[in-house]
Amino acid sequence: MESTRQQKISRLIQKDLGIIFQQESRNLFEGALITVTKVQVSKDLAIAKVYLSLFITTDKKALLDKIRRHGREIRHHLVQLVHQQLRVMPELHFFMDDSLDYIENIDQLLK
């Protein structure tokens, strides 16, 4: 169970990463729609697991690899947004959130 501090930091990172992806998707990610669905921060606040839903792209795995390659740049943009609220920025680890694909698969099976 996450502490209140972890939850607040998770929400802050999720909101600001959403803004960053919205601004940078045209330049870095060929206009793909990237949604931050969930952020989990470790107890020591050193690592943040960021779960992303990727839309308007043909190869989701390649896009996720590209996001990981640009991780330092994304983290730098995030630090600029939250430097007044956080003392130390957690390291960002990006993962694909496939819950929407799972739901779609269940719907297809039920039909």
# chains A, B, ... in the order shown; residues from 1 in each chain; ligands from 1
call {"tool": "select_by_dssp", "arguments": {"residues": "chain A", "states": "alpha helix (DSSP H)", "output": "ChimeraX atom specification"}}
result
/A:4-28,60-69,71-82,99-110
call {"tool": "write_last_selection", "arguments": {"atoms": "C-alpha atoms", "output": "PDB file, in the first residue's frame"}}
result
ATOM      1  CA  THR A   4       0.182   9.511   1.088  1.00  0.00           C
ATOM      2  CA  ARG A   5       3.489  11.033   0.007  1.00  0.00           C
ATOM      3  CA  GLN A   6       4.014   8.359  -2.645  1.00  0.00           C
ATOM      4  CA  GLN A   7       0.500   8.949  -3.966  1.00  0.00           C
ATOM      5  CA  LYS A   8       1.014  12.714  -4.169  1.00  0.00           C
ATOM      6  CA  ILE A   9       4.329  12.334  -6.000  1.00  0.00           C
ATOM      7  CA  SER A  10       2.782   9.757  -8.354  1.00  0.00           C
ATOM      8  CA  ARG A  11      -0.061  12.119  -9.262  1.00  0.00           C
ATOM      9  CA  LEU A  12       2.343  15.035  -9.730  1.00  0.00           C
ATOM     10  CA  ILE A  13       4.625  13.036 -12.032  1.00  0.00           C
ATOM     11  CA  GLN A  14       1.660  11.613 -13.970  1.00  0.00           C
ATOM     12  CA  LYS A  15       0.152  15.058 -14.579  1.00  0.00           C
ATOM     13  CA  ASP A  16       3.408  16.703 -15.621  1.00  0.00           C
ATOM     14  CA  LEU A  17       4.555  13.796 -17.803  1.00  0.00           C
ATOM     15  CA  GLY A  18       1.218  14.025 -19.596  1.00  0.00           C
ATOM     16  CA  ILE A  19       1.952  17.665 -20.361  1.00  0.00           C
ATOM     17  CA  ILE A  20       5.476  16.824 -21.559  1.00  0.00           C
ATOM     18  CA  PHE A  21       4.296  14.023 -23.852  1.00  0.00           C
ATOM     19  CA  GLN A  22       1.579  16.266 -25.237  1.00  0.00           C
ATOM     20  CA  GLN A  23       4.108  18.977 -26.111  1.00  0.00           C
ATOM     21  CA  GLU A  24       6.944  16.752 -27.331  1.00  0.00           C
ATOM     22  CA  SER A  25       5.022  14.066 -29.229  1.00  0.00           C
ATOM     23  CA  ARG A  26       5.022  16.082 -32.448  1.00  0.00           C
ATOM     24  CA  ASN A  27       8.789  16.609 -32.380  1.00  0.00           C
ATOM     25  CA  LEU A  28      10.176  13.407 -30.879  1.00  0.00           C
ATOM     26  CA  LYS A  60       4.267   0.189 -30.190  1.00  0.00           C
ATOM     27  CA  LYS A  61       7.433  -1.643 -29.156  1.00  0.00           C
ATOM     28  CA  ALA A  62       9.647   0.605 -31.300  1.00  0.00           C
ATOM     29  CA  LEU A  63       7.923   3.685 -29.907  1.00  0.00           C
ATOM     30  CA  LEU A  64       8.459   2.471 -26.325  1.00  0.00           C
ATOM     31  CA  ASP A  65      12.148   1.894 -27.102  1.00  0.00           C
ATOM     32  CA  LYS A  66      12.379   5.420 -28.494  1.00  0.00           C
ATOM     33  CA  ILE A  67      10.761   6.815 -25.336  1.00  0.00           C
ATOM     34  CA  ARG A  68      13.295   4.900 -23.238  1.00  0.00           C
ATOM     35  CA  ARG A  69      16.167   6.299 -25.334  1.00  0.00           C
ATOM     36  CA  GLY A  71      14.350   9.103 -21.019  1.00  0.00           C
ATOM     37  CA  ARG A  72      17.039  11.502 -19.820  1.00  0.00           C
ATOM     38  CA  GLU A  73      15.597  14.328 -21.917  1.00  0.00           C
ATOM     39  CA  ILE A  74      12.081  13.620 -20.645  1.00  0.00           C
ATOM     40  CA  ARG A  75      13.370  13.526 -17.064  1.00  0.00           C
ATOM     41  CA  HIS A  76      15.120  16.873 -17.622  1.00  0.00           C
ATOM     42  CA  HIS A  77      11.856  18.454 -18.817  1.00  0.00           C
ATOM     43  CA  LEU A  78      10.100  16.967 -15.792  1.00  0.00           C
ATOM     44  CA  VAL A  79      12.716  18.367 -13.394  1.00  0.00           C
ATOM     45  CA  GLN A  80      12.161  21.823 -14.869  1.00  0.00           C
ATOM     46  CA  LEU A  81       8.422  21.554 -14.157  1.00  0.00           C
ATOM     47  CA  VAL A  82       8.586  20.170 -10.603  1.00  0.00           C
ATOM     48  CA  SER A  99      -4.822  -3.104 -20.103  1.00  0.00           C
ATOM     49  CA  LEU A 100      -6.843  -1.591 -22.978  1.00  0.00           C
ATOM     50  CA  ASP A 101      -5.631  -4.334 -25.330  1.00  0.00           C
ATOM     51  CA  TYR A 102      -6.591  -6.913 -22.707  1.00  0.00           C
ATOM     52  CA  ILE A 103     -10.093  -5.433 -22.382  1.00  0.00           C
ATOM     53  CA  GLU A 104     -10.492  -5.399 -26.170  1.00  0.00           C
ATOM     54  CA  ASN A 105      -9.407  -9.037 -26.341  1.00  0.00           C
ATOM     55  CA  ILE A 106     -11.980 -10.001 -23.686  1.00  0.00           C
ATOM     56  CA  ASP A 107     -14.704  -8.161 -25.633  1.00  0.00           C
ATOM     57  CA  GLN A 108     -13.754 -10.024 -28.830  1.00  0.00           C
ATOM     58  CA  LEU A 109     -13.873 -13.364 -27.000  1.00  0.00           C
ATOM     59  CA  LEU A 110     -17.281 -12.597 -25.527  1.00  0.00           C
TER      60      LEU A 110
END
call {"tool": "residues_around", "arguments": {"residues": "Leu92 (chain A)", "least_positions_apart": "2", "cutoff": "8 Å", "atoms": "only C-alpha atoms", "output": "PyMOL selection string"}}
result
chain A and resi 47-50+71+75+90+94
call {"tool": "atom_distance", "arguments": {"atom1": "CA of Lys111 (chain A)", "atom2": "CA of Leu54 (chain A)"}}
result
25.1 Å
call {"tool": "atom_distance", "arguments": {"atom1": "CA of Val41 (chain A)", "atom2": "CA of Met89 (chain A)"}}
result
10.7 Å
call {"tool": "closest_residue", "arguments": {"among": "A:Asp97, A:Glu2, A:Asp59, A:Glu91", "to": "Thr35 (chain A)", "atoms": "only C-alpha atoms"}}
result
A:Asp97
call {"tool": "closest_residue", "arguments": {"among": "A:His70, A:Ser53, A:Leu86, A:His93", "to": "Val36 (chain A)", "atoms": "only C-alpha atoms"}}
result
A:Ser53
call {"tool": "select_by_dssp", "arguments": {"residues": "chain A", "states": "strand (DSSP E or B)", "output": "number ranges by chain"}}
result
A: 33-41, 47-55, 91-96
call {"tool": "write_last_selection", "arguments": {"atoms": "N, CA and C atoms", "output": "mmCIF file, in the first residue's frame"}}
result
data_model
loop_
_atom_site.group_PDB
_atom_site.id
_atom_site.type_symbol
_atom_site.label_atom_id
_atom_site.label_comp_id
_atom_site.auth_asym_id
_atom_site.auth_seq_id
_atom_site.Cartn_x
_atom_site.Cartn_y
_atom_site.Cartn_z
ATOM 1 N N LEU A 33 0.117 9.459 -30.044
ATOM 2 C CA LEU A 33 -0.607 9.857 -28.841
ATOM 3 C C LEU A 33 -0.125 8.984 -27.691
ATOM 4 N N ILE A 34 0.456 9.616 -26.680
ATOM 5 C CA ILE A 34 1.021 8.900 -25.533
ATOM 6 C C ILE A 34 0.279 9.342 -24.289
ATOM 7 N N THR A 35 -0.306 8.392 -23.585
ATOM 8 C CA THR A 35 -1.062 8.674 -22.375
ATOM 9 C C THR A 35 -0.380 8.007 -21.186
ATOM 10 N N VAL A 36 -0.174 8.769 -20.129
ATOM 11 C CA VAL A 36 0.404 8.222 -18.902
ATOM 12 C C VAL A 36 -0.766 7.691 -18.080
ATOM 13 N N THR A 37 -0.888 6.368 -17.999
ATOM 14 C CA THR A 37 -2.038 5.778 -17.318
ATOM 15 C C THR A 37 -1.818 5.592 -15.826
ATOM 16 N N LYS A 38 -0.560 5.348 -15.437
ATOM 17 C CA LYS A 38 -0.305 5.065 -14.025
ATOM 18 C C LYS A 38 1.158 5.321 -13.715
ATOM 19 N N VAL A 39 1.433 5.815 -12.516
ATOM 20 C CA VAL A 39 2.801 5.988 -12.038
ATOM 21 C C VAL A 39 2.880 5.393 -10.642
ATOM 22 N N GLN A 40 3.865 4.525 -10.428
ATOM 23 C CA GLN A 40 4.098 3.938 -9.108
ATOM 24 C C GLN A 40 5.482 4.361 -8.647
ATOM 25 N N VAL A 41 5.550 4.955 -7.459
ATOM 26 C CA VAL A 41 6.818 5.413 -6.905
ATOM 27 C C VAL A 41 7.225 4.441 -5.802
ATOM 28 N N ILE A 47 12.706 5.465 -7.486
ATOM 29 C CA ILE A 47 12.319 4.932 -8.793
ATOM 30 C C ILE A 47 10.828 5.158 -9.008
ATOM 31 N N ALA A 48 10.498 5.613 -10.205
ATOM 32 C CA ALA A 48 9.098 5.772 -10.595
ATOM 33 C C ALA A 48 8.842 4.887 -11.806
ATOM 34 N N LYS A 49 7.905 3.962 -11.680
ATOM 35 C CA LYS A 49 7.497 3.126 -12.805
ATOM 36 C C LYS A 49 6.354 3.840 -13.505
ATOM 37 N N VAL A 50 6.577 4.172 -14.772
ATOM 38 C CA VAL A 50 5.599 4.936 -15.546
ATOM 39 C C VAL A 50 4.975 3.999 -16.579
ATOM 40 N N TYR A 51 3.652 3.838 -16.529
ATOM 41 C CA TYR A 51 2.930 2.981 -17.454
ATOM 42 C C TYR A 51 2.279 3.857 -18.513
ATOM 43 N N LEU A 52 2.525 3.524 -19.780
ATOM 44 C CA LEU A 52 2.078 4.344 -20.903
ATOM 45 C C LEU A 52 1.140 3.554 -21.805
ATOM 46 N N SER A 53 0.104 4.243 -22.306
ATOM 47 C CA SER A 53 -0.724 3.713 -23.383
ATOM 48 C C SER A 53 -0.328 4.450 -24.646
ATOM 49 N N LEU A 54 -0.074 3.702 -25.711
ATOM 50 C CA LEU A 54 0.423 4.279 -26.954
ATOM 51 C C LEU A 54 -0.622 4.104 -28.045
ATOM 52 N N PHE A 55 -0.978 5.215 -28.700
ATOM 53 C CA PHE A 55 -1.975 5.202 -29.753
ATOM 54 C C PHE A 55 -1.406 5.902 -30.991
ATOM 55 N N GLU A 91 14.172 8.241 -10.584
ATOM 56 C CA GLU A 91 14.574 7.712 -11.880
ATOM 57 C C GLU A 91 13.331 7.142 -12.561
ATOM 58 N N LEU A 92 13.153 7.424 -13.836
ATOM 59 C CA LEU A 92 11.949 7.011 -14.554
ATOM 60 C C LEU A 92 12.199 5.705 -15.306
ATOM 61 N N HIS A 93 11.300 4.741 -15.116
ATOM 62 C CA HIS A 93 11.320 3.485 -15.850
ATOM 63 C C HIS A 93 9.989 3.394 -16.587
ATOM 64 N N PHE A 94 10.052 3.257 -17.922
ATOM 65 C CA PHE A 94 8.849 3.259 -18.742
ATOM 66 C C PHE A 94 8.430 1.844 -19.095
ATOM 67 N N PHE A 95 7.105 1.590 -18.982
ATOM 68 C CA PHE A 95 6.517 0.301 -19.312
ATOM 69 C C PHE A 95 5.262 0.525 -20.132
ATOM 70 N N MET A 96 4.919 -0.468 -20.948
ATOM 71 C CA MET A 96 3.704 -0.400 -21.745
ATOM 72 C C MET A 96 2.527 -0.866 -20.895
#
call {"tool": "atom_distance", "arguments": {"atom1": "CA of Asp44 (chain A)", "atom2": "CA of His83 (chain A)"}}
result
18.2 Å
